[in-house]
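J.: Sharing a structure here in structure tokens format.
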Amino acid sequence: MKRCVMVQGTASDVGKSLLVAGLCRVFAQDGYRVAPFKAQNMALNSGITARGEEMGRAQIFQAEAAGIEPDVRMNPILLKPTGSHQTQMVLMGKVVGNRDAVTYHQDKHQLQQQISQAYHSLASEYELMVLEGAGSPAEINLRERDMVNMAMAAMAQAPVLLVADIDRGGVFAAIYGTLALLQPEEKARVKGVIINKFRGDIRLLQSGLEQIEALTGVPVLGVIPWMNIDLEDEDGVALQNGQYAPAVAEQVLNIVVIQLPHIANFTDFNALSVQPDVQLRYVSHPAQLAGADLIILPGSKNTLGDLQWLQQNGLATALLAQHQAGVPIVGICGGYQMLGKQIIDGIESGVAQMVGLGLLDVETQFAPQKVTTQVAAVSQAVLPGLWRDCAGQPLAGYEVHQGVTQLGNQALPFAELTQRNGQPEHTPEGAVSRDGKVLGSYIHGLFNNDAFCRALLNGLRQRKGLANYAGPELNYAAYKQQQFDILADTLRAHLDIARLYQIINEHREEVVQ
């Protein structure tokens, strides 16, 4: 019986993923070899392990917080919604096809076996496991189908911490109602409550804390303040609730990301959002493109559906107008495919083919096999226009796509791949228009490459008549580690860590006996 603890929530987006990362950091700082685990993750933000296996970004950054390499066993099932009530299912890092809700749950017994094998195999290599639930354990209509909340807690024999978001209101009702809807044996697993995202004077909350403890019999282990921490979000809920609204700043670069309906891997742009001279905006209406210094078309889990959306709401026309006005445009993965002349599908959507935006002389043919690989590359020695100072830069990132893109005569390769999953490779990557106004690439994490990113930003500054940035350059990897430490410090200050260790150890002793 391994030491473990599970974080569940009263609802989605209450902050479970961030708290799991913070606990992983705290335990790692205290000398434990700790790993995160989430049985089933529904998200369009994914990443690739060193073995070329796809898993949720949340478990990747939780592993980073723990100081360990991401392992697909940390997230055995990843569900990626594609639209039309269909979801692409990734099992142990590999695509096994599309599912609807009914067919997915018909495989529950087999999937539970896979989850159990992954968890126990992973747990055998670590001293302490931090598990994460999904949504709420009180969805009583889904109880019989549960594999990720209380069913997972039972499988792992884990004590549960219940997290509630006070910022959305009704926090005490959410705590009380969640516990009231649990079965007696499920409620018995809940050993503590954490109230998250608090703004204000804790003294005004004290009487409520005392009453909710008296009503439920479950202690409140801490009240976590609202944290302005620059770490990755699990999925697009953060975009929907305005978390990425721009701050007011002077003399900054205005970078715009198109918020596609099926936007995927928007974590690609975290490295841009934390740059000291960048204002990053997510937009969904044509008028919002005004004033952009750079426009980015991100990845998509439904490329043709999102391309159709661009055309229908006027953003495609607005993008073409911005291009004519000289604003540079970048496409990543699905966004790269949309920038081309044509996309031939038959795999991802029900549309056979569609004309692209025509800003890059490339054509994409979708293929049944999904490319999932970590890559190393170097940008071409000579690049046109804005990209001139980005030439010859080493790059690292990952690819996750089902398209093969061919370049025409008016497109130049952006880079050359030098490695795929650690193996030597010599393949052209991406495309740049000959005038340097448009770039497309399959490399996720492109802007995490510090020297490349700063060269791009300085090129944008020069286009605005500004001098190159003179402050200290951002080391994004080091910055993330600093953010993990701030997160851990915050938890230590506002969460009863000593009591948490006691809960973990006492529960383990009870189970062993």
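Each chain of the structure tokens is named A, B, ... in the order shown, its residues numbered from 1; ligands are numbered from 1 in display order.
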Contacts between range 184-202 of chain A and range 210-236 of chain A, please, where a residue of range 210-236 of chain A counts if it comes within 9 Å (with only C-alpha atoms); show its shortest atom pair and distance in Å to one decimal, rows by chain and ascending number, as a tab-separated table.
T.:
```
residue	atom	partner	partner_atom	distance
A:Val218	CA	A:Gly192	CA	5.6
A:Pro219	CA	A:Gly192	CA	5.1
A:Val220	CA	A:Val193	CA	4.6
A:Leu221	CA	A:Ile194	CA	5.7
A:Gly222	CA	A:Ile194	CA	5.3
A:Val223	CA	A:Ile195	CA	4.7
A:Ile224	CA	A:Asn196	CA	4.8
A:Pro225	CA	A:Phe198	CA	4.4
A:Trp226	CA	A:Lys197	CA	4.0
A:Met227	CA	A:Lys197	CA	7.0
```
J.: Show me, as an MDAnalysis selection string, the residues that have an atom within 7 Å of range 352-362 of chain A when counting only C-alpha atoms, minus same-chain residues fewer than 3 positions from it.
T.: chainID A and resid 338:346 405:408 410:411 433 438
J.: Residues as selected, N, CA and C atoms, written as a PDB file, in the first residue's frame, can you do that?
T.:
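Result file is part.pdb:
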```pdb
ATOM      1  N   MET A 338      -4.409  25.361 -42.107  1.00  0.00           N
ATOM      2  CA  MET A 338      -5.429  26.308 -42.577  1.00  0.00           C
ATOM      3  C   MET A 338      -4.835  27.399 -43.461  1.00  0.00           C
ATOM      4  N   LEU A 339      -3.582  27.761 -43.219  1.00  0.00           N
ATOM      5  CA  LEU A 339      -2.952  28.833 -43.994  1.00  0.00           C
ATOM      6  C   LEU A 339      -2.646  28.407 -45.427  1.00  0.00           C
ATOM      7  N   GLY A 340      -2.697  27.111 -45.710  1.00  0.00           N
ATOM      8  CA  GLY A 340      -2.341  26.616 -47.034  1.00  0.00           C
ATOM      9  C   GLY A 340      -3.431  26.788 -48.074  1.00  0.00           C
ATOM     10  N   LYS A 341      -3.185  26.231 -49.257  1.00  0.00           N
ATOM     11  CA  LYS A 341      -4.111  26.368 -50.384  1.00  0.00           C
ATOM     12  C   LYS A 341      -5.266  25.377 -50.301  1.00  0.00           C
ATOM     13  N   GLN A 342      -5.011  24.187 -49.755  1.00  0.00           N
ATOM     14  CA  GLN A 342      -6.044  23.163 -49.743  1.00  0.00           C
ATOM     15  C   GLN A 342      -5.757  22.134 -48.654  1.00  0.00           C
ATOM     16  N   ILE A 343      -6.837  21.610 -48.051  1.00  0.00           N
ATOM     17  CA  ILE A 343      -6.735  20.515 -47.091  1.00  0.00           C
ATOM     18  C   ILE A 343      -7.620  19.381 -47.585  1.00  0.00           C
ATOM     19  N   ILE A 344      -7.040  18.200 -47.725  1.00  0.00           N
ATOM     20  CA  ILE A 344      -7.778  17.006 -48.127  1.00  0.00           C
ATOM     21  C   ILE A 344      -7.924  16.141 -46.893  1.00  0.00           C
ATOM     22  N   ASP A 345      -9.188  15.855 -46.497  1.00  0.00           N
ATOM     23  CA  ASP A 345      -9.420  15.188 -45.216  1.00  0.00           C
ATOM     24  C   ASP A 345      -9.868  13.740 -45.415  1.00  0.00           C
ATOM     25  N   GLY A 346     -11.059  13.425 -44.950  1.00  0.00           N
ATOM     26  CA  GLY A 346     -11.529  12.044 -44.959  1.00  0.00           C
ATOM     27  C   GLY A 346     -11.146  11.288 -43.702  1.00  0.00           C
ATOM     28  N   THR A 405       2.078  17.654 -45.052  1.00  0.00           N
ATOM     29  CA  THR A 405       2.000  18.908 -45.802  1.00  0.00           C
ATOM     30  C   THR A 405       3.125  18.989 -46.828  1.00  0.00           C
ATOM     31  N   GLN A 406       2.733  19.294 -48.074  1.00  0.00           N
ATOM     32  CA  GLN A 406       3.683  19.434 -49.183  1.00  0.00           C
ATOM     33  C   GLN A 406       3.843  20.901 -49.542  1.00  0.00           C
ATOM     34  N   LEU A 407       5.094  21.327 -49.766  1.00  0.00           N
ATOM     35  CA  LEU A 407       5.381  22.723 -50.112  1.00  0.00           C
ATOM     36  C   LEU A 407       5.375  22.924 -51.622  1.00  0.00           C
ATOM     37  N   GLY A 408       4.802  24.076 -52.063  1.00  0.00           N
ATOM     38  CA  GLY A 408       4.878  24.483 -53.461  1.00  0.00           C
ATOM     39  C   GLY A 408       6.075  25.382 -53.708  1.00  0.00           C
ATOM     40  N   GLN A 410       6.352  28.560 -54.076  1.00  0.00           N
ATOM     41  CA  GLN A 410       6.388  29.869 -53.421  1.00  0.00           C
ATOM     42  C   GLN A 410       6.555  29.771 -51.901  1.00  0.00           C
ATOM     43  N   ALA A 411       6.859  28.569 -51.428  1.00  0.00           N
ATOM     44  CA  ALA A 411       7.085  28.371 -49.990  1.00  0.00           C
ATOM     45  C   ALA A 411       8.479  27.815 -49.760  1.00  0.00           C
ATOM     46  N   SER A 433       6.535  31.898 -46.340  1.00  0.00           N
ATOM     47  CA  SER A 433       6.299  32.532 -47.640  1.00  0.00           C
ATOM     48  C   SER A 433       7.565  33.276 -48.065  1.00  0.00           C
ATOM     49  N   VAL A 438       4.409  35.200 -43.760  1.00  0.00           N
ATOM     50  CA  VAL A 438       3.610  34.098 -43.219  1.00  0.00           C
ATOM     51  C   VAL A 438       4.530  32.915 -42.915  1.00  0.00           C
TER      52      VAL A 438
END
```
J.: Calculated over only C-alpha atoms, which of the candidates A:Glu213, A:Asp268, A:Asp496, A:Glu64 has the smallest distance to Ala21 in chain A?
T.: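 Using only C-alpha atoms, Ala21 in chain A sits closest to A:Glu64.
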J.: Take CA of Thr216 in chain A and CA of Arg499 in chain A and report the distance between them in Å, one decimal.
T.: 18.2 Å
J.: What lies within 10 Å of Asn505 in chain A using only C-alpha atoms, ignoring chain neighbours under 3 positions off, as a ChimeraX atom specification?
T.: /A:2-5,159,499-502,508-510
J.: Identify, on the basis of only C-alpha atoms, every residue whose closest approach to Gly93 in chain A does not exceed 9 Å; exclude the query and any residue fewer than 4 positions from it along the same chain; express the result as a ChimeraX atom specification.
T.: /A:48-49,52-55,72-73,75-78,372
J.: Keeping only N, CA and C atoms, write the selected residues to a file as a compact mmCIF listing (two decimals), in the first residue's frame.
T.:
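Once written, part_21.txt looks like this:
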```
# COMPACT_ATOMS: atom_id res chain seq x y z
N ILE A 48 3.72 15.22 -25.61
CA ILE A 48 4.33 13.96 -26.04
C ILE A 48 5.48 13.61 -25.10
N THR A 49 5.52 12.36 -24.67
CA THR A 49 6.61 11.89 -23.83
C THR A 49 7.85 11.60 -24.68
N GLY A 52 7.38 9.12 -27.37
CA GLY A 52 6.44 9.40 -28.45
C GLY A 52 5.01 9.09 -28.12
N GLU A 53 4.66 9.10 -26.81
CA GLU A 53 3.29 8.78 -26.38
C GLU A 53 2.58 10.06 -25.96
N GLU A 54 1.29 10.16 -26.34
CA GLU A 54 0.52 11.37 -26.09
C GLU A 54 -0.19 11.28 -24.74
N MET A 55 -0.17 12.40 -24.00
CA MET A 55 -0.85 12.46 -22.70
C MET A 55 -1.27 13.90 -22.43
N VAL A 72 3.44 8.21 -19.63
CA VAL A 72 2.05 8.05 -20.09
C VAL A 72 1.19 7.32 -19.06
N ARG A 73 1.80 6.57 -18.16
CA ARG A 73 1.04 5.89 -17.11
C ARG A 73 0.38 6.90 -16.16
N ASN A 75 -1.40 9.31 -17.08
CA ASN A 75 -2.68 9.66 -17.70
C ASN A 75 -3.04 8.60 -18.74
N PRO A 76 -3.49 7.43 -18.29
CA PRO A 76 -3.70 6.33 -19.23
C PRO A 76 -4.78 6.58 -20.28
N ILE A 77 -5.79 7.40 -19.94
CA ILE A 77 -6.85 7.69 -20.92
C ILE A 77 -6.95 9.19 -21.14
N LEU A 78 -6.80 9.60 -22.38
CA LEU A 78 -6.98 11.00 -22.78
C LEU A 78 -8.09 11.06 -23.81
N THR A 372 3.11 11.49 -33.37
CA THR A 372 3.30 11.91 -31.98
C THR A 372 4.78 11.73 -31.67
```
